[in-house]
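Asks: This one is final_20.cif, mmCIF, C-alpha atoms and all ligand atoms.
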data_target
#
loop_
_atom_site.label_atom_id
_atom_site.label_comp_id
_atom_site.auth_asym_id
_atom_site.auth_seq_id
_atom_site.Cartn_x
_atom_site.Cartn_y
_atom_site.Cartn_z
CA MET A 1 3.52 3.32 -22.12
CA ALA A 2 6.28 5.16 -20.28
CA ASN A 3 7.82 3.42 -17.26
CA THR A 4 5.48 4.55 -14.52
CA ILE A 5 5.52 4.55 -10.74
CA LEU A 6 2.13 4.63 -9.09
CA VAL A 7 2.07 5.81 -5.47
CA GLY A 8 -0.52 6.59 -2.82
CA ALA A 9 -0.50 10.31 -2.01
CA GLN A 10 -2.22 9.98 1.39
CA TRP A 11 -2.30 7.30 4.15
CA GLY A 12 -2.89 4.24 1.97
CA ASP A 13 -6.15 2.78 0.67
CA GLU A 14 -6.43 5.53 -1.96
CA GLY A 15 -7.97 3.10 -4.43
CA LYS A 16 -4.67 2.36 -6.15
CA GLY A 17 -5.81 -1.13 -7.19
CA LYS A 18 -8.37 0.20 -9.60
CA ILE A 19 -6.01 2.78 -11.14
CA ILE A 20 -3.33 0.11 -11.47
CA ASP A 21 -5.86 -1.99 -13.32
CA VAL A 22 -6.49 0.88 -15.75
CA LEU A 23 -2.76 1.55 -16.29
CA THR A 24 -1.92 -2.16 -16.53
CA GLU A 25 -3.66 -2.25 -19.87
CA GLU A 26 -0.77 -0.28 -21.39
CA ALA A 27 2.06 -1.96 -19.42
CA ASP A 28 4.01 -5.14 -20.12
CA VAL A 29 5.41 -5.74 -16.63
CA VAL A 30 3.76 -4.93 -13.28
CA ILE A 31 5.99 -4.84 -10.22
CA ARG A 32 5.36 -4.71 -6.45
CA TYR A 33 8.34 -3.01 -4.81
CA ALA A 34 7.64 -2.54 -1.09
CA GLY A 35 5.53 -3.71 1.82
CA GLY A 36 4.10 -7.17 2.30
CA ASN A 37 0.75 -8.80 2.90
CA ASN A 38 -0.23 -5.80 5.04
CA ALA A 39 -1.52 -4.38 1.74
CA GLY A 40 -4.66 -5.63 0.13
CA HIS A 41 -6.80 -4.78 -2.80
CA THR A 42 -10.03 -6.23 -3.92
CA VAL A 43 -10.33 -7.32 -7.53
CA LEU A 44 -13.19 -8.77 -9.48
CA VAL A 45 -12.57 -12.15 -11.13
CA GLY A 46 -15.67 -12.74 -13.24
CA GLN A 47 -18.43 -12.34 -10.68
CA GLU A 48 -16.18 -13.16 -7.72
CA ARG A 49 -14.51 -10.60 -5.48
CA TYR A 50 -10.99 -11.63 -4.57
CA ILE A 51 -8.50 -9.89 -2.28
CA LEU A 52 -4.87 -9.81 -3.42
CA HIS A 53 -2.20 -9.07 -0.83
CA LEU A 54 1.12 -9.72 -2.55
CA VAL A 55 0.49 -10.71 -6.16
CA PRO A 56 0.12 -7.67 -8.47
CA SER A 57 -3.39 -7.45 -9.89
CA GLY A 58 -1.89 -7.56 -13.40
CA ILE A 59 -2.00 -11.33 -12.85
CA LEU A 60 -5.61 -11.28 -14.03
CA ARG A 61 -4.38 -10.48 -17.54
CA PRO A 62 -2.52 -13.44 -19.02
CA ASP A 63 -0.21 -11.36 -21.22
CA LYS A 64 1.32 -9.36 -18.34
CA LEU A 65 4.42 -10.34 -16.44
CA CYS A 66 4.04 -9.77 -12.67
CA VAL A 67 7.03 -9.35 -10.40
CA ILE A 68 7.31 -9.34 -6.62
CA ALA A 69 10.60 -7.51 -6.28
CA ASN A 70 13.39 -7.39 -3.72
CA GLY A 71 11.91 -4.55 -1.64
CA VAL A 72 8.89 -6.63 -0.64
CA VAL A 73 8.75 -8.85 2.45
CA ILE A 74 7.05 -12.15 1.71
CA ASP A 75 5.05 -14.37 4.00
CA PRO A 76 5.51 -17.55 1.94
CA VAL A 77 2.58 -19.42 3.43
CA SER A 78 0.24 -16.54 2.74
CA LEU A 79 1.66 -16.12 -0.80
CA MET A 80 1.23 -19.83 -1.51
CA GLU A 81 -2.41 -19.62 -0.40
CA GLU A 82 -2.94 -16.56 -2.57
CA ILE A 83 -1.57 -18.37 -5.63
CA GLN A 84 -3.68 -21.46 -4.85
CA GLY A 85 -6.75 -19.22 -4.49
CA LEU A 86 -6.05 -17.64 -7.87
CA ARG A 87 -5.64 -21.07 -9.49
CA ARG A 88 -8.97 -22.17 -8.03
CA LEU A 89 -10.58 -19.20 -9.76
CA GLY A 90 -9.02 -20.31 -13.04
CA VAL A 91 -6.32 -17.60 -13.10
CA LYS A 92 -3.07 -18.80 -14.69
CA VAL A 93 -0.03 -17.84 -12.64
CA ASP A 94 2.68 -20.27 -13.62
CA ARG A 95 4.28 -18.45 -16.49
CA ASN A 96 3.67 -14.85 -15.52
CA LEU A 97 4.60 -14.52 -11.85
CA VAL A 98 8.22 -14.09 -10.75
CA ILE A 99 9.45 -13.61 -7.18
CA SER A 100 12.76 -11.99 -6.28
CA GLU A 101 15.34 -14.30 -4.75
CA THR A 102 16.49 -11.47 -2.49
CA ALA A 103 13.10 -10.52 -1.07
CA HIS A 104 13.04 -11.13 2.67
CA VAL A 105 10.85 -13.76 4.27
CA VAL A 106 8.29 -13.01 6.98
CA LEU A 107 8.44 -15.76 9.61
CA PRO A 108 6.02 -16.67 12.40
CA TYR A 109 8.26 -15.02 15.01
CA HIS A 110 7.85 -11.73 13.14
CA ARG A 111 4.09 -11.99 13.50
CA GLU A 112 4.35 -13.02 17.16
CA LEU A 113 6.71 -10.14 17.90
CA ASP A 114 4.46 -7.68 16.05
CA VAL A 115 1.49 -8.75 18.19
CA ALA A 116 3.49 -8.92 21.44
CA ARG A 117 4.98 -5.46 20.91
CA GLU A 118 1.59 -3.95 20.14
CA ASN A 119 0.19 -5.51 23.33
CA ARG A 120 3.10 -4.22 25.39
CA GLN A 121 2.70 -0.69 24.03
CA GLY A 122 -0.85 -0.48 25.37
CA ARG A 123 -2.31 2.91 24.53
CA HIS A 124 0.89 3.78 22.63
CA LYS A 125 0.30 0.99 20.11
CA LEU A 126 0.65 1.73 16.38
CA GLY A 127 -2.38 -0.21 15.20
CA THR A 128 -0.36 -2.44 12.85
CA THR A 129 -1.91 -5.07 10.62
CA LYS A 130 -0.18 -7.72 12.82
CA ARG A 131 1.34 -9.36 9.75
CA GLY A 132 4.90 -9.18 11.10
CA ILE A 133 5.95 -6.50 8.64
CA GLY A 134 7.87 -4.25 11.07
CA PRO A 135 9.90 -7.08 12.66
CA ALA A 136 10.69 -8.57 9.21
CA TYR A 137 12.12 -5.27 7.95
CA ALA A 138 13.91 -4.83 11.29
CA ASP A 139 15.68 -8.17 10.74
CA LYS A 140 16.56 -7.13 7.19
CA ALA A 141 18.20 -3.93 8.51
CA ALA A 142 19.87 -5.85 11.34
CA ARG A 143 21.23 -8.28 8.71
CA VAL A 144 19.71 -11.36 10.31
CA GLY A 145 16.84 -11.82 7.87
CA LEU A 146 16.21 -14.91 5.74
CA ARG A 147 15.62 -14.37 2.05
CA MET A 148 13.73 -16.26 -0.62
CA LEU A 149 17.01 -17.77 -1.85
CA ASP A 150 17.42 -19.28 1.63
CA LEU A 151 13.85 -20.52 1.77
CA VAL A 152 14.14 -22.51 -1.44
CA ARG A 153 17.30 -24.34 -0.32
CA PRO A 154 16.00 -26.76 2.34
CA GLU A 155 19.29 -27.47 4.14
CA VAL A 156 20.42 -23.87 4.25
CA PHE A 157 16.98 -22.84 5.45
CA ALA A 158 16.83 -25.53 8.16
CA GLU A 159 20.14 -24.40 9.61
CA LYS A 160 19.47 -20.65 9.49
CA LEU A 161 15.95 -21.06 10.83
CA ARG A 162 17.20 -23.08 13.82
CA ARG A 163 19.41 -20.18 14.93
CA ARG A 164 16.77 -17.57 14.34
CA ILE A 165 14.06 -19.47 16.22
CA ARG A 166 16.38 -20.00 19.17
CA GLU A 167 17.09 -16.27 19.47
CA ASN A 168 13.53 -15.14 18.87
CA ASN A 169 12.11 -17.64 21.34
CA GLU A 170 14.25 -16.01 24.03
CA VAL A 171 12.64 -12.68 23.26
CA LEU A 172 9.13 -14.17 23.06
CA ARG A 173 9.55 -15.86 26.45
CA ALA A 174 10.88 -12.67 28.01
CA TRP A 175 7.81 -10.85 26.69
CA GLY A 176 5.47 -13.49 28.10
CA ALA A 177 4.51 -14.80 24.64
CA ARG A 178 4.52 -18.46 23.59
CA PRO A 179 7.77 -19.73 22.04
CA LEU A 180 7.61 -21.37 18.60
CA SER A 181 8.23 -25.00 17.68
CA TYR A 182 11.20 -25.20 15.31
CA ARG A 183 9.91 -28.44 13.75
CA LYS A 184 6.46 -27.07 13.03
CA VAL A 185 7.74 -23.87 11.47
CA LEU A 186 10.35 -25.78 9.45
CA GLN A 187 7.77 -28.19 8.07
CA GLU A 188 5.30 -25.48 7.13
CA TYR A 189 7.89 -23.19 5.57
CA GLN A 190 9.77 -25.91 3.69
CA ALA A 191 6.47 -26.93 2.11
CA ALA A 192 5.80 -23.32 1.09
CA GLY A 193 9.42 -23.01 -0.12
CA SER A 194 9.13 -26.01 -2.39
CA PHE A 195 5.78 -24.72 -3.73
CA LEU A 196 7.25 -21.26 -4.47
CA GLN A 197 10.65 -22.45 -5.76
CA PRO A 198 9.66 -22.43 -9.47
CA PHE A 199 8.67 -18.77 -9.22
CA VAL A 200 11.92 -17.55 -7.63
CA ALA A 201 14.50 -15.81 -9.84
CA ASN A 202 16.88 -12.89 -10.21
CA THR A 203 14.29 -10.19 -10.87
CA VAL A 204 16.88 -7.40 -11.24
CA ALA A 205 18.33 -9.13 -14.31
CA LEU A 206 14.83 -9.86 -15.59
CA LEU A 207 13.69 -6.22 -15.29
CA HIS A 208 16.82 -4.92 -17.03
CA GLN A 209 16.22 -7.42 -19.81
CA ALA A 210 12.65 -6.14 -20.13
CA ILE A 211 13.93 -2.55 -20.31
CA ALA A 212 16.47 -3.52 -22.98
CA GLU A 213 13.63 -5.06 -25.01
CA GLY A 214 11.69 -1.77 -24.82
CA LYS A 215 8.95 -3.15 -22.58
CA SER A 216 7.06 -0.78 -20.33
CA LEU A 217 7.09 -1.19 -16.60
CA LEU A 218 4.44 -0.27 -14.05
CA PHE A 219 5.62 -0.03 -10.44
CA GLU A 220 2.72 -0.66 -8.12
CA GLY A 221 3.13 1.19 -4.82
CA ALA A 222 1.55 -0.19 -1.66
CA GLN A 223 0.31 1.86 1.32
CA GLY A 224 0.75 5.62 0.98
CA THR A 225 3.16 8.53 1.33
CA PHE A 226 2.37 9.27 4.98
CA LEU A 227 3.00 5.64 5.93
CA ASP A 228 6.55 5.86 4.52
CA ILE A 229 9.21 4.99 7.11
CA ASP A 230 11.19 8.18 6.29
CA HIS A 231 8.55 10.64 5.16
CA GLY A 232 5.43 9.54 7.00
CA THR A 233 3.95 10.38 10.38
CA TYR A 234 6.64 8.43 12.26
CA PRO A 235 6.29 6.28 14.33
CA PHE A 236 2.75 5.74 12.98
CA VAL A 237 4.04 4.40 9.69
CA THR A 238 4.80 1.10 8.05
CA SER A 239 8.40 -0.13 7.85
CA SER A 240 9.23 0.40 4.18
CA ASN A 241 9.72 3.23 1.69
CA THR A 242 6.29 3.47 0.18
CA THR A 243 7.17 6.63 -1.79
CA ALA A 244 8.49 6.81 -5.36
CA GLY A 245 12.15 6.40 -4.36
CA GLY A 246 11.29 2.97 -2.97
CA ALA A 247 10.47 1.81 -6.49
CA CYS A 248 14.15 2.13 -7.45
CA THR A 249 15.75 0.60 -4.37
CA GLY A 250 13.00 -1.99 -4.16
CA THR A 251 13.59 -3.29 -7.70
CA GLY A 252 17.09 -2.37 -8.89
CA VAL A 253 15.69 -0.19 -11.68
CA PRO A 254 17.57 3.15 -11.65
CA PRO A 255 15.87 6.57 -11.40
CA ASN A 256 16.84 7.52 -14.97
CA ARG A 257 14.69 4.66 -16.29
CA ILE A 258 11.56 6.14 -14.72
CA ASP A 259 9.47 8.34 -17.01
CA ARG A 260 6.41 9.22 -14.99
CA VAL A 261 4.99 9.23 -11.46
CA VAL A 262 1.24 8.97 -10.93
CA GLY A 263 -0.12 9.88 -7.49
CA VAL A 264 -3.44 8.42 -6.38
CA MET A 265 -5.62 10.25 -3.87
CA LYS A 266 -9.16 10.01 -2.63
CA ALA A 267 -11.46 13.02 -2.99
CA TYR A 268 -11.35 13.02 0.83
CA THR A 269 -8.94 11.40 3.32
CA THR A 270 -8.86 8.08 5.19
CA ARG A 271 -6.46 6.28 7.48
CA VAL A 272 -6.45 2.97 9.34
CA GLY A 273 -4.53 2.41 12.54
CA GLU A 274 -3.33 4.98 15.02
CA GLY A 275 -1.60 8.31 14.41
CA PRO A 276 -2.52 11.87 13.54
CA LEU A 277 -5.13 12.64 10.88
CA PRO A 278 -5.57 16.42 11.00
CA THR A 279 -8.81 16.62 9.02
CA GLU A 280 -10.56 13.68 10.74
CA ASP A 281 -14.32 14.21 10.93
CA ALA A 282 -16.58 11.73 12.72
CA ALA A 283 -19.75 12.79 10.89
CA LEU A 284 -18.11 12.30 7.49
CA GLY A 285 -16.90 8.88 8.69
CA ASP A 286 -20.43 7.93 9.82
CA LEU A 287 -21.82 8.96 6.44
CA LEU A 288 -19.26 6.98 4.43
CA HIS A 289 -19.58 3.90 6.67
CA SER A 290 -23.37 4.04 6.43
CA MET A 291 -22.93 3.86 2.64
CA GLY A 292 -20.90 0.63 3.20
CA ARG A 293 -17.67 2.40 2.25
CA GLU A 294 -14.30 2.60 3.94
CA PHE A 295 -13.70 -0.75 5.56
CA GLY A 296 -10.11 -2.09 5.25
CA ALA A 297 -9.43 -4.87 2.69
CA THR A 298 -6.77 -6.59 4.84
CA THR A 299 -8.19 -6.34 8.37
CA GLY A 300 -11.83 -5.30 7.78
CA ARG A 301 -11.32 -2.39 10.22
CA PRO A 302 -13.49 0.69 9.59
CA ARG A 303 -11.21 3.40 8.25
CA ARG A 304 -10.98 6.79 9.93
CA CYS A 305 -12.26 9.49 7.59
CA GLY A 306 -11.61 13.19 7.08
CA TRP A 307 -11.81 16.04 4.59
CA PHE A 308 -9.33 16.41 1.76
CA ASP A 309 -6.02 17.63 3.17
CA ALA A 310 -4.25 19.78 0.59
CA VAL A 311 -1.29 20.42 2.90
CA ALA A 312 -0.52 16.72 3.06
CA VAL A 313 -1.08 15.98 -0.63
CA ARG A 314 0.96 19.02 -1.75
CA HIS A 315 3.84 17.59 0.28
CA ALA A 316 3.28 14.14 -1.26
CA VAL A 317 3.36 15.66 -4.75
CA ARG A 318 6.80 17.10 -3.97
CA ILE A 319 8.31 14.04 -2.31
CA ASN A 320 7.19 11.66 -5.03
CA GLY A 321 7.66 14.01 -7.97
CA VAL A 322 4.05 13.40 -8.98
CA ASP A 323 3.49 14.27 -12.65
CA GLU A 324 -0.19 13.34 -12.75
CA LEU A 325 -2.92 12.65 -10.25
CA ALA A 326 -5.73 10.15 -10.18
CA VAL A 327 -8.67 11.04 -7.90
CA THR A 328 -10.79 8.19 -6.60
CA ASN A 329 -14.07 7.92 -4.70
CA LEU A 330 -15.41 11.23 -5.96
CA ASP A 331 -18.87 9.64 -5.70
CA GLY A 332 -18.38 9.31 -1.92
CA LEU A 333 -19.08 13.06 -1.70
CA ASP A 334 -22.17 13.01 -3.95
CA THR A 335 -24.74 13.58 -1.18
CA LEU A 336 -23.03 16.43 0.65
CA SER A 337 -24.26 20.01 0.36
CA THR A 338 -20.99 21.45 1.73
CA ILE A 339 -17.52 19.99 1.26
CA LYS A 340 -14.50 21.15 3.20
CA VAL A 341 -10.89 21.22 2.06
CA CYS A 342 -7.95 21.86 4.37
CA LEU A 343 -5.74 24.67 3.03
CA GLY A 344 -3.30 24.96 5.93
CA TYR A 345 -2.73 24.06 9.58
CA ARG A 346 -2.67 26.32 12.59
CA VAL A 347 -1.58 25.96 16.19
CA GLY A 348 -2.52 29.14 18.03
CA ARG A 349 -1.10 31.90 15.84
CA ARG A 350 1.48 29.70 14.14
CA GLN A 351 0.62 28.65 10.59
CA TYR A 352 1.98 25.63 8.73
CA ASP A 353 1.91 25.00 5.02
CA ILE A 354 3.81 21.72 5.20
CA PRO A 355 3.08 18.98 7.74
CA PRO A 356 5.34 19.30 10.81
CA ALA A 357 7.63 16.27 11.26
CA ASP A 358 6.82 15.81 14.94
CA VAL A 359 3.61 13.86 15.44
CA GLN A 360 2.81 15.69 18.70
CA GLU A 361 2.96 18.97 16.81
CA LEU A 362 0.95 17.54 13.91
CA SER A 363 -1.67 16.23 16.34
CA ALA A 364 -2.04 19.72 17.80
CA CYS A 365 -2.64 21.25 14.35
CA GLU A 366 -6.07 22.70 13.60
CA PRO A 367 -7.02 22.58 9.93
CA VAL A 368 -7.84 25.84 8.19
CA TYR A 369 -10.71 25.02 5.84
CA ALA A 370 -12.22 26.38 2.67
CA GLU A 371 -15.79 25.33 1.91
CA PHE A 372 -17.10 24.21 -1.46
CA GLU A 373 -20.69 23.81 -2.54
CA GLY A 374 -21.59 20.16 -3.03
CA TRP A 375 -23.12 18.96 -6.32
CA CYS A 376 -25.80 16.83 -4.59
CA THR A 377 -26.25 14.49 -7.53
CA SER A 378 -24.81 11.11 -8.41
CA THR A 379 -21.56 11.16 -10.38
CA GLN A 380 -21.49 7.39 -10.75
CA GLY A 381 -22.86 7.45 -14.28
CA ALA A 382 -20.44 10.09 -15.58
CA ARG A 383 -18.12 8.77 -18.27
CA SER A 384 -16.35 11.94 -19.30
CA TRP A 385 -15.04 15.12 -17.67
CA LYS A 386 -17.87 17.05 -19.32
CA GLN A 387 -20.49 14.76 -17.82
CA LEU A 388 -19.36 15.62 -14.29
CA PRO A 389 -21.49 18.26 -12.54
CA THR A 390 -20.02 21.78 -12.84
CA LYS A 391 -19.57 21.98 -9.07
CA ALA A 392 -17.68 18.68 -9.01
CA ARG A 393 -15.36 19.96 -11.74
CA ALA A 394 -14.82 23.18 -9.78
CA TYR A 395 -13.95 21.10 -6.71
CA LEU A 396 -11.44 18.99 -8.66
CA LYS A 397 -9.87 22.03 -10.33
CA ALA A 398 -9.41 23.63 -6.90
CA LEU A 399 -7.70 20.47 -5.65
CA GLU A 400 -5.21 20.39 -8.51
CA ASP A 401 -4.36 24.07 -8.00
CA LEU A 402 -3.88 23.54 -4.29
CA VAL A 403 -1.61 20.51 -4.57
CA GLY A 404 0.30 21.53 -7.68
CA ALA A 405 -0.27 18.64 -10.11
CA PRO A 406 -2.82 18.01 -12.85
CA ILE A 407 -5.66 15.52 -12.45
CA ARG A 408 -5.69 13.04 -15.33
CA ILE A 409 -7.99 10.31 -14.02
CA VAL A 410 -11.19 10.53 -11.97
CA SER A 411 -12.87 7.45 -10.57
CA VAL A 412 -16.59 7.57 -9.76
CA GLY A 413 -17.25 3.96 -8.72
CA PRO A 414 -15.69 0.52 -8.38
CA ALA A 415 -16.25 -0.72 -11.95
CA ARG A 416 -13.59 -0.37 -14.62
CA GLU A 417 -15.90 1.70 -16.81
CA GLN A 418 -16.52 4.18 -13.98
CA THR A 419 -13.19 5.79 -14.78
CA ILE A 420 -12.84 9.13 -16.50
CA GLU A 421 -9.62 9.86 -18.39
CA ARG A 422 -9.28 13.56 -18.89
P1 LIG B 501 2.12 -2.46 9.50
O1 LIG B 501 2.45 -2.11 8.10
O2 LIG B 501 1.27 -3.70 9.62
O3 LIG B 501 3.33 -2.52 10.37
O4 LIG B 501 1.21 -1.29 10.09
C1 LIG B 501 1.72 0.01 10.32
C2 LIG B 501 0.69 1.07 10.01
O5 LIG B 501 0.47 1.11 8.60
C3 LIG B 501 -0.69 0.82 10.64
O6 LIG B 501 -1.26 2.07 10.95
C4 LIG B 501 -1.45 0.16 9.52
O7 LIG B 501 -2.85 0.35 9.66
C5 LIG B 501 -0.91 0.92 8.32
N1 LIG B 501 -1.01 0.14 7.07
C6 LIG B 501 -0.27 -0.90 6.69
N2 LIG B 501 -0.65 -1.35 5.49
C7 LIG B 501 -1.66 -0.57 5.08
C8 LIG B 501 -2.46 -0.51 3.89
O8 LIG B 501 -2.30 -1.28 2.94
N3 LIG B 501 -3.40 0.47 3.86
C9 LIG B 501 -3.56 1.36 4.86
N4 LIG B 501 -2.85 1.35 5.98
C10 LIG B 501 -1.89 0.40 6.10
#
For this file, produce the structure as C-alpha cells.

Replies:
Amino acid sequence: MANTILVGAQWGDEGKGKIIDVLTEEADVVIRYAGGNNAGHTVLVGQERYILHLVPSGILRPDKLCVIANGVVIDPVSLMEEIQGLRRLGVKVDRNLVISETAHVVLPYHRELDVARENRQGRHKLGTTKRGIGPAYADKAARVGLRMLDLVRPEVFAEKLRRRIRENNEVLRAWGARPLSYRKVLQEYQAAGSFLQPFVANTVALLHQAIAEGKSLLFEGAQGTFLDIDHGTYPFVTSSNTTAGGACTGTGVPPNRIDRVVGVMKAYTTRVGEGPLPTEDAALGDLLHSMGREFGATTGRPRRCGWFDAVAVRHAVRINGVDELAVTNLDGLDTLSTIKVCLGYRVGRRQYDIPPADVQELSACEPVYAEFEGWCTSTQGARSWKQLPTKARAYLKALEDLVGAPIRIVSVGPAREQTIER
C-alpha cells in the first residue's frame, strides 16, 4: 500500500476508526500524529467493545507496528491504563507499540487548567473534552513542556516537575482552583513512566528505517479538519494540526514520502462542543439520537447534528489534498424521504462558497440547500456499489461532484463487512 494519510474532513467523529481498520489491513505501520486522549474510537475485540484513546487500533492485529509519534500529547497514566486494558483482553502490545521520546506529556495541572479556564469563560466556553490538551500544547509552544524522555528519567523528571508544579499552582490558586500536591503527582507519574519506559524510543529514526525497508505507513488522523488549530473554526478548535500537514510535522516523515490522502466524512455532519455548525438541524439530531447514534466515544456527550455541508468539505478537500473519500454512516439517512445538502452560505445578499474565517460571520451564515429524494430503505445489507439503492448512489455522486474528490469507500454500518469498496 502507498504511504497514506487518513484525515477527518469535518468536525471529528467521522468514523475514521472503522476506515483505519479497513486500510490497516494493507499497511505495515500505523501512526498517530496529533492530538491526545481527547480522541476516542470504539473497536470490537472479540465480542467486547473497547474504546481506544491513544493507541492506534492497528494494535489489534499482531503483525502491525503501532507508533504514537512526536506530535501527540500523552497522558501517561491514561495510556498505561489503556495498555493494561488491552492486555486484559488478551491483546499483545509489548513488541508492536512504540512511543516517541519527544512527545509531550499531559500533566494534572493541564487538566486542572483546562477545567478552570472553561469554568471562567462561562458562556464563552469552548466545550473542551477537559483532558488538558490545550494547556499541554500551550506549554509545548511556550517551551516549558515535559516530554516522554523526561518522564522516563526519574531524577530529571522529579526536578523539572517540581518547578512546573510550583508555577502552575500559583495560577491555580489565583483562579480559585485547588493546588496540586507535588509528591502525589510525582509518585503517580513516576510509576507510569517506569511502566511506559520500555515502549519509548526515537520514532523518527524508526519510521525512516521502515521507509527504507519499503514498508507502507498509515497515518491515522484524530479529530477533523475544522478542529485544526490553523484551519478550523478558531477558537472553537483543538490545539493541534489535525489536517494532513500535521502528519509530517507530527512524525518527522517528509511530504515527499506521502503518496495518498484519504478524507473521511459522514453522509451528514456532526460536531461536539461549542462553535458554529452552519447546517445544524435539531430534528435530524433527534432522529439520529433516537436511533442510538451520535453519542461521543470520549465524553458520551450527544453530538450536534446537521445536513451534509459541501462548502466545508470542499474546503477540507483542498486543505488536505484529499485524493479519495470514504463516506460513513450512509445508513443513518435510510429512513428519510428528503435529504438536504448545503451548496453555499448566504448572509443577506452576500454569498460564500468557502467558509469565512471569522466565527461570528460563519455563525451568521444561512445555508443554501439542495434537496435530494431519500431512498427509504435499509442500506445496511449492501455489500457492493451496485447493491446500493439508485437514489443513494445519486446522492453520493452528487456529493463527490460538489466537493471535488472521488468516493472510494462507503460504510453502511459498524461491522467490518458493512464496507463497500468501489
Ligand atoms: P479539546 O481538544 O479537548 O481541547 O477540545 C476542543 C474542541 O475539540 C471541543 O469542541 C471538543 O469537543 C473538540 N474535540 C476534541 N477531540 C475531539 C474528537 O475526537 N472528536 C470530536 N470533537 C473533538

Asks: Please return as a ChimeraX atom specification the residues found within 6 Å of ligand LIG 501 (chain B), counting all atoms listed in the file.

Replies: /A:12-13,38-40,126-131,133-134,223,227,236-238,272-274

Asks: Distance atom CA of A:Glu220-atom CA of A:Thr249, one decimal place?

Replies: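 Computing it gives 13.6 Å between the two atoms.
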
Asks: Using all atoms listed in the file, determine which residues lie at most 9 Å from A:Pro389, disregarding the query and same-chain residues fewer than 3 positions distant; provide the list as a PyMOL selection string.

Replies: chain A and resi 375+377-379+382+385-386+392-394

Asks: What are the closest atom pairs, with distances in Å to one decimal, for each residue of stretch 166-256 of chain A lying within 9 Å of stretch 18-34 of chain A, using only C-alpha atoms, rows by chain and rising residue number, as a tab-separated table?

Replies:
residue	atom	partner	partner_atom	distance
A:Leu207	CA	A:Val29	CA	8.4
A:Ala210	CA	A:Val29	CA	8.1
A:Lys215	CA	A:Asp28	CA	5.9
A:Ser216	CA	A:Ala27	CA	5.2
A:Leu217	CA	A:Val29	CA	4.9
A:Leu218	CA	A:Val30	CA	4.8
A:Phe219	CA	A:Ile31	CA	4.8
A:Glu220	CA	A:Arg32	CA	5.1
A:Gly221	CA	A:Arg32	CA	6.5
A:Ala222	CA	A:Ala34	CA	6.6
A:Gln223	CA	A:Ala34	CA	8.9
A:Ser240	CA	A:Ala34	CA	6.2
A:Asn241	CA	A:Ala34	CA	6.7
A:Thr242	CA	A:Ala34	CA	6.3
A:Gly246	CA	A:Ala34	CA	6.9
A:Ala247	CA	A:Tyr33	CA	5.5
A:Cys248	CA	A:Tyr33	CA	8.2
A:Thr249	CA	A:Tyr33	CA	8.3
A:Gly250	CA	A:Tyr33	CA	4.8
A:Thr251	CA	A:Tyr33	CA	6.0

Asks: What lies within 8 Å of A:Tyr189 using all atoms listed in the file, ignoring chain neighbours under 6 positions off, as a list of chain:residue names?

Replies: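 With the cut-off at 8 Å, the set is A:Pro76, A:Val77, A:Leu151.
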
Asks: Dump stretch 43-80 of chain A with C-alpha atoms to a file, as an mmCIF file, in the first residue's frame.

Replies:
data_model
loop_
_atom_site.group_PDB
_atom_site.id
_atom_site.type_symbol
_atom_site.label_atom_id
_atom_site.label_comp_id
_atom_site.auth_asym_id
_atom_site.auth_seq_id
_atom_site.Cartn_x
_atom_site.Cartn_y
_atom_site.Cartn_z
ATOM 1 C CA VAL A 43 -13.246 -1.105 18.478
ATOM 2 C CA LEU A 44 -14.538 -4.621 18.782
ATOM 3 C CA VAL A 45 -12.217 -7.128 20.472
ATOM 4 C CA GLY A 46 -13.972 -10.467 20.008
ATOM 5 C CA GLN A 47 -17.394 -9.749 21.462
ATOM 6 C CA GLU A 48 -16.173 -6.867 23.632
ATOM 7 C CA ARG A 49 -16.402 -3.199 22.727
ATOM 8 C CA TYR A 50 -13.298 -1.303 23.737
ATOM 9 C CA ILE A 51 -12.545 2.412 23.431
ATOM 10 C CA LEU A 52 -9.036 3.379 22.350
ATOM 11 C CA HIS A 53 -7.873 6.929 23.005
ATOM 12 C CA LEU A 54 -4.165 6.980 22.199
ATOM 13 C CA VAL A 55 -3.114 3.558 20.935
ATOM 14 C CA PRO A 56 -3.721 3.124 17.176
ATOM 15 C CA SER A 57 -6.362 0.487 16.511
ATOM 16 C CA GLY A 58 -3.814 -1.414 14.394
ATOM 17 C CA ILE A 59 -2.750 -2.859 17.755
ATOM 18 C CA LEU A 60 -5.498 -5.452 17.381
ATOM 19 C CA ARG A 61 -3.500 -7.057 14.561
ATOM 20 C CA PRO A 62 -0.321 -8.634 15.890
ATOM 21 C CA ASP A 63 1.699 -8.133 12.700
ATOM 22 C CA LYS A 64 1.322 -4.330 12.627
ATOM 23 C CA LEU A 65 3.704 -1.891 14.232
ATOM 24 C CA CYS A 66 1.875 0.958 16.020
ATOM 25 C CA VAL A 67 3.541 4.278 16.716
ATOM 26 C CA ILE A 68 2.468 7.190 18.897
ATOM 27 C CA ALA A 69 4.556 9.910 17.295
ATOM 28 C CA ASN A 70 6.052 13.205 18.436
ATOM 29 C CA GLY A 71 3.036 15.359 17.507
ATOM 30 C CA VAL A 72 0.809 13.627 20.073
ATOM 31 C CA VAL A 73 0.423 14.774 23.683
ATOM 32 C CA ILE A 74 0.376 11.838 26.064
ATOM 33 C CA ASP A 75 -1.354 11.487 29.386
ATOM 34 C CA PRO A 76 0.895 8.695 30.695
ATOM 35 C CA VAL A 77 -1.498 7.464 33.363
ATOM 36 C CA SER A 78 -4.316 7.182 30.870
ATOM 37 C CA LEU A 79 -2.020 5.487 28.315
ATOM 38 C CA MET A 80 -0.819 2.993 30.925
#
